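Read through the structure below, which is laid out as structure tokens, and then see the notes.
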Protein chains: 4
Amino acid sequence: MKNSPSSAGSPNSSLSPVSPPIHFFEYQERVRYSETDQMGVAHNKSYFEWFELGRTEFCRQAGLPYRDIEAQGIYLVVAEAHCRYHKPLHYDDPFLIRVGLSEASARKIVFSYEILAAGSGILLATGYTVHVPTNRRAEVCSLPPDLLSRIKAAGKP
Amino acid sequence: MKNSPSSAGSPNSSLSPVSPPIHFFEYQERVRYSETDQMGVAHNKSYFEWFELGRTEFCRQAGLPYRDIEAQGIYLVVAEAHCRYHKPLHYDDPFLIRVGLSEASARKIVFSYEILAAGSGILLATGYTVHVPTNRRAEVCSLPPDLLSRIKAAGKP
Amino acid sequence: MKNSPSSAGSPNSSLSPVSPPIHFFEYQERVRYSETDQMGVAHNKSYFEWFELGRTEFCRQAGLPYRDIEAQGIYLVVAEAHCRYHKPLHYDDPFLIRVGLSEASARKIVFSYEILAAGSGILLATGYTVHVPTNRRAEVCSLPPDLLSRIKAAGKP
Amino acid sequence: MKNSPSSAGSPNSSLSPVSPPIHFFEYQERVRYSETDQMGVAHNKSYFEWFELGRTEFCRQAGLPYRDIEAQGIYLVVAEAHCRYHKPLHYDDPFLIRVGLSEASARKIVFSYEILAAGSGILLATGYTVHVPTNRRAEVCSLPPDLLSRIKAAGKP
């Protein structure tokens, strides 16, 4: 659970419909046995859990623990999720989750992700998630300005 | 999702600390790909999800959908969970979840489970879960008498 | 686990980069308790497990159980996965998984999905997955012609 | 992912059918969002994934990465799993997984676990898993003597 901001934002896939972030946070993890499937590699759903881990750390580094955002009655509901799998990950492989901010407005937040092999830095997967703020009654709402400006600030190097 | 009450309660393992139920509900499922691990069999955690599916169907058959229990502000929190794995399950294998009531009082509910191969009926796993009723503030409480009597009634053939 | 082929393929989102399938298979499921998160709705990763269930049923209906495909040494590795979440699903909600074939060639298979509320038929989510055939050594390979033609045939009404 | 051996083995629940280990390894984690359920707490199945993480680290600290054990064709299949849940864990809560060896013979390995709140050290859950060695054909076998002696050595302070 070592975290370190990474200043050089690596470019996303050119095919991605989301803008490349200018700054990434990094977070290291290992593939759990329970995340593998009978193909002997990490299951496709696991990457979405890793992206979520990355968001949690992004918010924490921004001084905005996501649990505090929800405690204020704001939920960043996932409206869209995408992952492109380049190379497989195996049980116990250490990897880096890099998370950056591709877009941030009062009505929409887009995070981008890269999964890289720890050590070699080989790119294993890329993805993004689109989030819409809602209130406790699950109604779409606007992100409070202070929250938005802190998220935006965290997305800069 | 075929359900059928089964009148002949099969005896639990003699080593089990819980009483054998006198009546089982049955529920059929298949092993999902995402439930396998690199050993090529269903992962040990999946059985606890299947037990939960069994409880959901037990409550539904009792005329007490579990979502309605929670809507009343009562939660059947898992206080203990146990599984003994006899034979492995593989991807796409059809199996039966048999769930019965081993104990029911205002402060404690114990469910017992058997996982059987669909078709052959071979016993693949056994287990139990102990539940304690809590209120919305997560405080231990007594199960309302009507709820308890309906659960007890459902546990009888 | 009721399955029924559906002849009228509903159009996918116009924003989707994949072609709308001309034929859908349907498969009914319910949201498991373990698939919810603290927002009180089905977690974003669960949809990818449901898509996989849909693929399993698609292959079975095509007379090609996916386990038999892997037994031949062919793996349909997930190269890309996407989901757009329109409306949330709650614990125990019954829903339909509709799966269709958007593209099929010896080197690439694309499945499309819709998640609909059982009963009302309201569209809750859409998605697609891109698959690449590999052999047992995880090397990209060509899908054997008989397999490809059977998958193609299954994708037609 | 900070790991540190802990010399003072804390006693297990007196009700546990397994012997208290004399030495524990510790491993720190946080509750993932995807591990919560609609009760707002970590789902009962998650603890079994954490136990597995603990085993992975135990083996690594023993100089026996579990992946290397499987590479030798030996699988430590889970034959039994148990967890007693004392207090709930919430999203993003940091916690310690303590894992110790309760029994080790050529035919059976028993691991014991404690989940503690990081910081306060409050005991949140206890559990154990029983493992049986099998070979690549899933047949029960004897643990090679060198493997057994290294596992035993790792279980001592």
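Residue numbering restarts at 1 in every chain; chains get A, B, ... in the order shown in the structure tokens, and ligands count up from 1 in that same order.
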I need the chain A residues near chain D as a PyMOL selection string; criterion: at most 8 Å, counting only C-alpha atoms. chain A and resi 1-2+29+32-34+49+52-53+67+91-92
Deliver the residues from the most recent selection as a file, using N, CA, C and O atoms, as a PDB file, in the first residue's frame.
```pdb
ATOM      1  N   MET A   1       0.813  -1.205   0.000  1.00  0.00           N
ATOM      2  CA  MET A   1       0.000   0.000   0.000  1.00  0.00           C
ATOM      3  C   MET A   1       0.853   1.265   0.000  1.00  0.00           C
ATOM      4  O   MET A   1       0.498   2.272   0.555  1.00  0.00           O
ATOM      5  N   LYS A   2       1.999   1.124  -0.652  1.00  0.00           N
ATOM      6  CA  LYS A   2       2.881   2.279  -0.813  1.00  0.00           C
ATOM      7  C   LYS A   2       2.279   3.198  -1.875  1.00  0.00           C
ATOM      8  O   LYS A   2       1.846   2.751  -2.929  1.00  0.00           O
ATOM      9  N   GLU A  29      -0.062  -3.013  -5.532  1.00  0.00           N
ATOM     10  CA  GLU A  29      -0.826  -4.148  -5.027  1.00  0.00           C
ATOM     11  C   GLU A  29      -0.240  -5.432  -5.571  1.00  0.00           C
ATOM     12  O   GLU A  29       0.663  -5.402  -6.402  1.00  0.00           O
ATOM     13  N   ARG A  32      -4.379 -11.257  -5.804  1.00  0.00           N
ATOM     14  CA  ARG A  32      -4.819 -12.218  -4.794  1.00  0.00           C
ATOM     15  C   ARG A  32      -5.171 -13.552  -5.465  1.00  0.00           C
ATOM     16  O   ARG A  32      -5.628 -13.565  -6.610  1.00  0.00           O
ATOM     17  N   TYR A  33      -5.028 -14.617  -4.707  1.00  0.00           N
ATOM     18  CA  TYR A  33      -5.401 -15.931  -5.246  1.00  0.00           C
ATOM     19  C   TYR A  33      -6.872 -15.925  -5.657  1.00  0.00           C
ATOM     20  O   TYR A  33      -7.247 -16.452  -6.714  1.00  0.00           O
ATOM     21  N   SER A  34      -7.697 -15.312  -4.830  1.00  0.00           N
ATOM     22  CA  SER A  34      -9.147 -15.264  -5.096  1.00  0.00           C
ATOM     23  C   SER A  34      -9.488 -14.402  -6.307  1.00  0.00           C
ATOM     24  O   SER A  34     -10.631 -14.384  -6.741  1.00  0.00           O
ATOM     25  N   GLU A  49     -12.117  -3.589  -9.578  1.00  0.00           N
ATOM     26  CA  GLU A  49     -11.877  -3.407  -8.148  1.00  0.00           C
ATOM     27  C   GLU A  49     -10.560  -2.660  -7.930  1.00  0.00           C
ATOM     28  O   GLU A  49     -10.458  -1.852  -7.010  1.00  0.00           O
ATOM     29  N   GLU A  52     -11.003   0.963  -8.540  1.00  0.00           N
ATOM     30  CA  GLU A  52     -11.673   1.555  -7.375  1.00  0.00           C
ATOM     31  C   GLU A  52     -10.681   1.802  -6.228  1.00  0.00           C
ATOM     32  O   GLU A  52     -10.755   2.830  -5.546  1.00  0.00           O
ATOM     33  N   LEU A  53      -9.765   0.870  -6.029  1.00  0.00           N
ATOM     34  CA  LEU A  53      -8.698   1.081  -5.044  1.00  0.00           C
ATOM     35  C   LEU A  53      -7.902   2.330  -5.408  1.00  0.00           C
ATOM     36  O   LEU A  53      -7.546   3.133  -4.540  1.00  0.00           O
ATOM     37  N   ARG A  67     -14.550   8.193   1.910  1.00  0.00           N
ATOM     38  CA  ARG A  67     -15.565   7.962   2.939  1.00  0.00           C
ATOM     39  C   ARG A  67     -16.110   9.285   3.485  1.00  0.00           C
ATOM     40  O   ARG A  67     -17.270   9.356   3.888  1.00  0.00           O
ATOM     41  N   TYR A  91      -1.305 -14.802 -10.330  1.00  0.00           N
ATOM     42  CA  TYR A  91      -1.325 -14.827  -8.863  1.00  0.00           C
ATOM     43  C   TYR A  91      -0.014 -14.303  -8.272  1.00  0.00           C
ATOM     44  O   TYR A  91       1.054 -14.726  -8.707  1.00  0.00           O
ATOM     45  N   ASP A  92      -0.134 -13.381  -7.349  1.00  0.00           N
ATOM     46  CA  ASP A  92       0.985 -12.863  -6.554  1.00  0.00           C
ATOM     47  C   ASP A  92       1.861 -11.881  -7.327  1.00  0.00           C
ATOM     48  O   ASP A  92       2.824 -11.349  -6.757  1.00  0.00           O
TER      49      ASP A  92
END
```
If we count only C-alpha atoms and set the cut-off at 6 Å, which residues sit around Asp37 of chain B, ignoring sequence neighbours fewer than 6 positions away in its own chain? Please answer as a ChimeraX atom specification. /A:36-38 /B:43
Dump N, CA and C atoms for the selected residues as a PDB file, in the first residue's frame?
```pdb
ATOM      1  N   THR A  36      -7.840 -14.797  -9.187  1.00  0.00           N
ATOM      2  CA  THR A  36      -7.524 -15.582 -10.385  1.00  0.00           C
ATOM      3  C   THR A  36      -8.749 -16.406 -10.783  1.00  0.00           C
ATOM      4  N   ASP A  37      -8.729 -16.888 -12.020  1.00  0.00           N
ATOM      5  CA  ASP A  37      -9.775 -17.822 -12.453  1.00  0.00           C
ATOM      6  C   ASP A  37      -9.106 -19.049 -13.052  1.00  0.00           C
ATOM      7  N   GLN A  38      -9.885 -19.958 -13.599  1.00  0.00           N
ATOM      8  CA  GLN A  38      -9.300 -21.220 -14.045  1.00  0.00           C
ATOM      9  C   GLN A  38      -8.389 -21.075 -15.256  1.00  0.00           C
TER      10      GLN A  38
ATOM     11  N   HIS B  43     -13.749 -21.400  -5.873  1.00  0.00           N
ATOM     12  CA  HIS B  43     -12.962 -20.860  -4.755  1.00  0.00           C
ATOM     13  C   HIS B  43     -13.718 -21.031  -3.430  1.00  0.00           C
TER      14      HIS B  43
END
```
I need the helix (DSSP H, G or I) residues of segment 34-105 of chain A per DSSP on the backbone, written as number ranges by chain. A: 34-35, 46-61, 66-71
List as JSON, numbers by chain the protein and nucleic acid residues near Phe58 of chain C, meaning an atom at most 10 Å away when only C-alpha atoms are counted, but skip any in the same chain fewer than 3 places from it. {"C": [3, 5, 24, 25, 26, 27, 52, 53, 54, 55, 61, 62, 63, 64, 65, 66, 98, 99, 100, 101, 111, 151, 154, 155]}
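Excluding Arg137 of chain D itself and any same-chain residue fewer than 2 positions from it, the protein and nucleic acid residues within 12 Å of it, counting only C-alpha atoms, are Met39 and Gly40 of chain B; Gly73, Ile74, Tyr75, Pro133, Thr134, Asn135, Glu139, Val140 and Cys141 of chain D.
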Resulting file, chosen residues, C-alpha atoms, as a PDB file, in the first residue's frame:
```pdb
ATOM      1  CA  MET B  39      -6.718 -24.483  -9.178  1.00  0.00           C
ATOM      2  CA  GLY B  40      -9.559 -24.917 -11.701  1.00  0.00           C
TER       3      GLY B  40
ATOM      4  CA  GLY D  73       2.847 -29.602  -8.224  1.00  0.00           C
ATOM      5  CA  ILE D  74       1.620 -29.403  -4.615  1.00  0.00           C
ATOM      6  CA  TYR D  75      -1.690 -27.709  -3.832  1.00  0.00           C
ATOM      7  CA  PRO D 133      -1.995 -31.421   0.187  1.00  0.00           C
ATOM      8  CA  THR D 134      -2.936 -32.723  -3.242  1.00  0.00           C
ATOM      9  CA  ASN D 135      -1.012 -33.337  -6.426  1.00  0.00           C
ATOM     10  CA  GLU D 139      -5.298 -36.629  -5.410  1.00  0.00           C
ATOM     11  CA  VAL D 140      -4.502 -36.332  -1.707  1.00  0.00           C
ATOM     12  CA  CYS D 141      -0.762 -36.727  -1.191  1.00  0.00           C
TER      13      CYS D 141
END
```
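Computed from the coordinates, the atom CA of Pro20 of chain B to atom CA of Asp68 of chain B distance equals 27.1 Å.
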Quick one: residues within 12 Å of Glu103 of chain A, only C-alpha atoms counted, chain neighbours fewer than 2 positions away excluded, as a list in words? Pro17, Val18, Ser19, Pro20, Pro21, Ile22, Gly100, Leu101, Ser105, Ala106, Arg107, Lys108, Ile109, Val110, Phe111, Ser112, Tyr128, Thr129, Val130, His131, Val132, Leu148, Ile151, Lys152, Ala153, Ala154, Gly155 and Lys156 of chain A
Same residues, N, CA and C atoms, output as a compact mmCIF listing (two decimals), in the first residue's frame:
```txt
# COMPACT_ATOMS: atom_id res chain seq x y z
N PRO A 17 -11.57 7.19 -25.55
CA PRO A 17 -12.42 8.37 -25.73
C PRO A 17 -12.22 9.40 -24.64
N VAL A 18 -11.36 9.15 -23.67
CA VAL A 18 -11.16 10.10 -22.59
C VAL A 18 -9.79 10.77 -22.72
N SER A 19 -9.69 12.02 -22.23
CA SER A 19 -8.44 12.77 -22.31
C SER A 19 -7.38 12.16 -21.40
N PRO A 20 -6.13 12.18 -21.83
CA PRO A 20 -5.07 11.66 -20.96
C PRO A 20 -4.90 12.61 -19.77
N PRO A 21 -4.82 12.06 -18.57
CA PRO A 21 -4.59 12.91 -17.40
C PRO A 21 -3.19 13.50 -17.44
N ILE A 22 -2.99 14.61 -16.75
CA ILE A 22 -1.65 15.23 -16.77
C ILE A 22 -0.82 14.78 -15.57
N GLY A 100 -5.40 8.82 -12.73
CA GLY A 100 -5.35 10.25 -13.03
C GLY A 100 -6.74 10.78 -13.31
N LEU A 101 -6.85 12.10 -13.35
CA LEU A 101 -8.13 12.76 -13.57
C LEU A 101 -8.20 13.21 -15.02
N SER A 105 -16.03 18.15 -13.75
CA SER A 105 -16.97 19.26 -13.73
C SER A 105 -17.99 18.95 -12.63
N ALA A 106 -18.88 19.87 -12.36
CA ALA A 106 -19.84 19.70 -11.26
C ALA A 106 -20.76 18.50 -11.48
N ARG A 107 -20.88 18.07 -12.73
CA ARG A 107 -21.81 17.00 -13.06
C ARG A 107 -21.15 15.71 -13.53
N LYS A 108 -19.84 15.70 -13.65
CA LYS A 108 -19.16 14.53 -14.23
C LYS A 108 -17.68 14.51 -13.87
N ILE A 109 -17.23 13.37 -13.42
CA ILE A 109 -15.81 13.16 -13.11
C ILE A 109 -15.36 11.94 -13.91
N VAL A 110 -14.24 12.06 -14.59
CA VAL A 110 -13.70 10.91 -15.33
C VAL A 110 -12.29 10.61 -14.82
N PHE A 111 -12.11 9.38 -14.36
CA PHE A 111 -10.79 8.91 -13.93
C PHE A 111 -10.22 8.00 -15.01
N SER A 112 -8.91 8.07 -15.19
CA SER A 112 -8.20 7.16 -16.11
C SER A 112 -7.25 6.29 -15.30
N TYR A 128 -10.91 3.46 -17.92
CA TYR A 128 -11.45 4.70 -17.36
C TYR A 128 -12.80 4.40 -16.73
N THR A 129 -13.21 5.29 -15.83
CA THR A 129 -14.56 5.22 -15.26
C THR A 129 -15.13 6.63 -15.26
N VAL A 130 -16.43 6.71 -15.55
CA VAL A 130 -17.15 7.99 -15.55
C VAL A 130 -18.07 8.00 -14.32
N HIS A 131 -18.04 9.08 -13.59
CA HIS A 131 -18.83 9.17 -12.36
C HIS A 131 -19.76 10.38 -12.39
N VAL A 132 -20.94 10.18 -11.80
CA VAL A 132 -21.94 11.23 -11.73
C VAL A 132 -22.27 11.44 -10.24
N LEU A 148 -15.27 20.01 -5.76
CA LEU A 148 -14.80 20.00 -7.14
C LEU A 148 -13.42 20.62 -7.27
N ILE A 151 -10.78 18.24 -5.94
CA ILE A 151 -10.54 17.12 -6.87
C ILE A 151 -9.70 17.61 -8.05
N LYS A 152 -10.07 18.79 -8.58
CA LYS A 152 -9.31 19.36 -9.72
C LYS A 152 -7.85 19.60 -9.33
N ALA A 153 -7.67 20.16 -8.14
CA ALA A 153 -6.30 20.46 -7.68
C ALA A 153 -5.48 19.17 -7.56
N ALA A 154 -6.13 18.11 -7.10
CA ALA A 154 -5.42 16.84 -6.93
C ALA A 154 -5.01 16.24 -8.27
N GLY A 155 -5.73 16.61 -9.32
CA GLY A 155 -5.44 16.05 -10.64
C GLY A 155 -4.27 16.74 -11.33
N LYS A 156 -3.74 17.81 -10.67
CA LYS A 156 -2.61 18.54 -11.28
C LYS A 156 -1.30 18.14 -10.63
```
